[in-house]
Amino acid sequence: MSAFVQPLLWGESGPSERHPELILEGGTSIVVVSFRKAPASLLAALQRKLSPADGGAQVVKDSPAAKEVEQGAAAYRARDLAAAERHFHSATELDPSNLFGFMYLGNALFYQQRYQEAIAPYERARQLDTSSKTLTEDFRRVLTDQLGMSYGMSGNLQKAKATFEDGIRQDPDYALFHYNLACAYAEMGDLDKTLLALKDALQRRDNVLKGESFPDPREDSSFQRYLLNDRFRQLLKQYGY
């Protein structure tokens with residue numbers, strides 16, 4: 001499975017400066033952890049390849065939608081993101097329940113830095129899961145993170161905040177929802193709420209996905225404005241930073 005997923009995500013045979021994702025495989029699941037720091041740096045990007053076994057949208061083999069997905073994957077591997085976008089878009093039109101197609105349509109747009117446009121397919125993927133309740137907890141966390149990043153990178157911090165708050169309501173112990181919320185507040189310039197959300201994240205820092213590391217706040221561009229702030233530094237020191 002990973003032999004297919006790795007070139008699809010990286011667009012080449014291995015990770016690079018542009019795509020330094022760590023791909024972890026276990027059974028029928030693929031977990032991808034990205035260490036790339038986005039300019040707004042709301043969160044560490046996470047992606048995952050879906051399969052019917054772990055709650056992904058099923059596509060009938062050799063169906064027109066499946067063929068479009070295959071062609072989209074080939075274009076993605078060749079770094080032709082525009083062509084990948086066209087094929088994934090076609091797949092989702094042919095099969096409006098194709099969660100995989102919507103996810104990678106979002107990815108193709110995201111990696112073209114068309115963050116605003118990536119929101120709609122990511123939202124559709126989330127909507128499909130809301131109605132079907134088929135995604136695993138891990139992938140639901142990933143999807144929320146991807147959607148939040150898309151909002152944040154498009155400059156809609158209020159929607160990014162709301163996305164992470166919704167994630168916390170449904171999954172209150174996942175550390176990165178709190179961390180990402182802290183990043184959003186930091187980008188808004190709200191120190192008090194940044195510290196509250198970051199403290200919640202630090203208290204849960206061991207509750208992350210398998211193979212995922214809790215970020216070092218000192219290296220996150222969202223918090224750069226607070227690195228010399230006494231309250232911020234005191235909080236980090238309290239947790240060993």
# chains A, B, ... in the order shown; residues from 1 in each chain; ligands from 1

call {"tool": "residues_around", "arguments": {"residues": "Arg233 in chain A", "least_positions_apart": "3", "cutoff": "12 Å", "atoms": "only C-alpha atoms", "output": "PyMOL selection string"}}
result
chain A and resi 195+198-199+217-218+223-230+236-241

call {"tool": "write_last_selection", "arguments": {"atoms": "C-alpha atoms", "output": "mmCIF file, in the first residue's frame"}}
result
data_model
loop_
_atom_site.group_PDB
_atom_site.id
_atom_site.type_symbol
_atom_site.label_atom_id
_atom_site.label_comp_id
_atom_site.auth_asym_id
_atom_site.auth_seq_id
_atom_site.Cartn_x
_atom_site.Cartn_y
_atom_site.Cartn_z
ATOM 1 C CA LEU A 195 -1.693 30.927 26.644
ATOM 2 C CA LEU A 198 -1.367 26.295 24.639
ATOM 3 C CA LYS A 199 -1.520 25.212 28.276
ATOM 4 C CA PRO A 217 6.306 25.971 20.331
ATOM 5 C CA ARG A 218 9.638 27.803 20.302
ATOM 6 C CA PHE A 223 4.468 32.157 18.353
ATOM 7 C CA GLN A 224 7.500 34.175 17.273
ATOM 8 C CA ARG A 225 5.996 37.434 18.505
ATOM 9 C CA TYR A 226 5.789 36.011 22.030
ATOM 10 C CA LEU A 227 9.210 34.399 22.395
ATOM 11 C CA LEU A 228 10.443 37.255 24.590
ATOM 12 C CA ASN A 229 7.205 37.589 26.524
ATOM 13 C CA ASP A 230 7.633 36.649 30.193
ATOM 14 C CA LEU A 236 7.018 26.893 28.303
ATOM 15 C CA LYS A 237 9.515 26.582 31.141
ATOM 16 C CA GLN A 238 6.821 24.973 33.289
ATOM 17 C CA TYR A 239 6.609 22.172 30.725
ATOM 18 C CA GLY A 240 10.328 21.758 30.157
ATOM 19 C CA TYR A 241 10.953 24.035 27.178
#

call {"tool": "atom_distance", "arguments": {"atom1": "CA of Glu85 in chain A", "atom2": "CA of Gly155 in chain A"}}
result
22.3 Å

call {"tool": "closest_atom_pairs", "arguments": {"of": "range 142-203 of chain A", "to": "range 115-130 of chain A", "cutoff": "7 Å", "atoms": "only C-alpha atoms", "output": "JSON lines"}}
result
{"residue": "A:Leu143", "atom": "CA", "partner": "A:Arg126", "partner_atom": "CA", "distance": 6.9}
{"residue": "A:Leu147", "atom": "CA", "partner": "A:Tyr122", "partner_atom": "CA", "distance": 5.9}
{"residue": "A:Ser150", "atom": "CA", "partner": "A:Tyr115", "partner_atom": "CA", "distance": 5.1}
{"residue": "A:Tyr151", "atom": "CA", "partner": "A:Ile119", "partner_atom": "CA", "distance": 6.8}
{"residue": "A:Met153", "atom": "CA", "partner": "A:Tyr115", "partner_atom": "CA", "distance": 6.1}
{"residue": "A:Ser154", "atom": "CA", "partner": "A:Gln116", "partner_atom": "CA", "distance": 5.2}

call {"tool": "residues_around", "arguments": {"residues": "Tyr174 in chain A", "least_positions_apart": "6", "cutoff": "9 Å", "atoms": "only C-alpha atoms", "output": "list in words"}}
result
Arg141, Gly167, Ile168, Ala201, Arg204, Arg205, Asp206, Asn207, Val208 and Leu209 of chain A

call {"tool": "residues_around", "arguments": {"residues": "Gly101 in chain A", "least_positions_apart": "3", "cutoff": "7 Å", "atoms": "only C-alpha atoms", "output": "list in words"}}
result
Val69, Phe88, Ala91, Thr92, Asn98, Tyr104 and Leu105 of chain A

call {"tool": "write_last_selection", "arguments": {"atoms": "C-alpha atoms", "output": "mmCIF file, in the first residue's frame"}}
result
data_model
loop_
_atom_site.group_PDB
_atom_site.id
_atom_site.type_symbol
_atom_site.label_atom_id
_atom_site.label_comp_id
_atom_site.auth_asym_id
_atom_site.auth_seq_id
_atom_site.Cartn_x
_atom_site.Cartn_y
_atom_site.Cartn_z
ATOM 1 C CA VAL A 69 -8.693 8.691 -9.518
ATOM 2 C CA PHE A 88 -9.843 14.320 -9.026
ATOM 3 C CA ALA A 91 -13.897 11.747 -10.072
ATOM 4 C CA THR A 92 -15.900 13.690 -7.517
ATOM 5 C CA ASN A 98 -15.912 9.637 -3.299
ATOM 6 C CA TYR A 104 -6.908 14.596 -2.947
ATOM 7 C CA LEU A 105 -8.680 17.270 -4.906
#

call {"tool": "closest_residue", "arguments": {"among": "A:Ala82, A:Leu181, A:Ala75, A:Leu196", "to": "Ala162 in chain A", "atoms": "only C-alpha atoms"}}
result
A:Leu181

call {"tool": "select_by_dssp", "arguments": {"residues": "range 69-241 of chain A", "states": "alpha helix (DSSP H)", "output": "ChimeraX atom specification"}}
result
/A:69-77,81-94,99-110,115-132,137-153,157-170,175-188,191-203,230-238

call {"tool": "residues_around", "arguments": {"residues": "Phe177 in chain A", "least_positions_apart": "6", "cutoff": "10 Å", "atoms": "only C-alpha atoms", "output": "list in words"}}
result
Leu43, Arg141, Thr144, Asp145, Gly148, Lys161, Thr163, Phe164, Glu165, Asp166, Gly167, Ile168, Arg169, Asp171, Cys183, Ala197, Leu198, Asp200, Ala201 and Val208 of chain A

call {"tool": "write_last_selection", "arguments": {"atoms": "C-alpha atoms", "output": "JSON list (two decimals), in the first residue's frame"}}
result
[["chain", "number", "residue", "atom", "x", "y", "z"],
["A", 43, "LEU", "CA", -0.32, 23.33, 12.53],
["A", 141, "ARG", "CA", -8.51, 14.20, 13.47],
["A", 144, "THR", "CA", -10.07, 18.51, 10.86],
["A", 145, "ASP", "CA", -6.40, 19.53, 10.87],
["A", 148, "GLY", "CA", -8.13, 24.15, 9.69],
["A", 161, "LYS", "CA", -10.46, 28.85, 15.11],
["A", 163, "THR", "CA", -12.75, 24.39, 13.06],
["A", 164, "PHE", "CA", -10.35, 23.60, 15.88],
["A", 165, "GLU", "CA", -12.96, 24.49, 18.53],
["A", 166, "ASP", "CA", -15.37, 22.07, 16.87],
["A", 167, "GLY", "CA", -12.65, 19.44, 16.89],
["A", 168, "ILE", "CA", -12.13, 20.01, 20.62],
["A", 169, "ARG", "CA", -15.84, 19.67, 21.34],
["A", 171, "ASP", "CA", -12.44, 15.10, 20.72],
["A", 183, "CYS", "CA", -1.65, 29.07, 16.95],
["A", 197, "ALA", "CA", -5.09, 27.05, 24.62],
["A", 198, "LEU", "CA", -1.37, 26.30, 24.64],
["A", 200, "ASP", "CA", -4.38, 22.84, 27.40],
["A", 201, "ALA", "CA", -2.25, 21.47, 24.58],
["A", 208, "VAL", "CA", -1.10, 12.54, 19.58]]
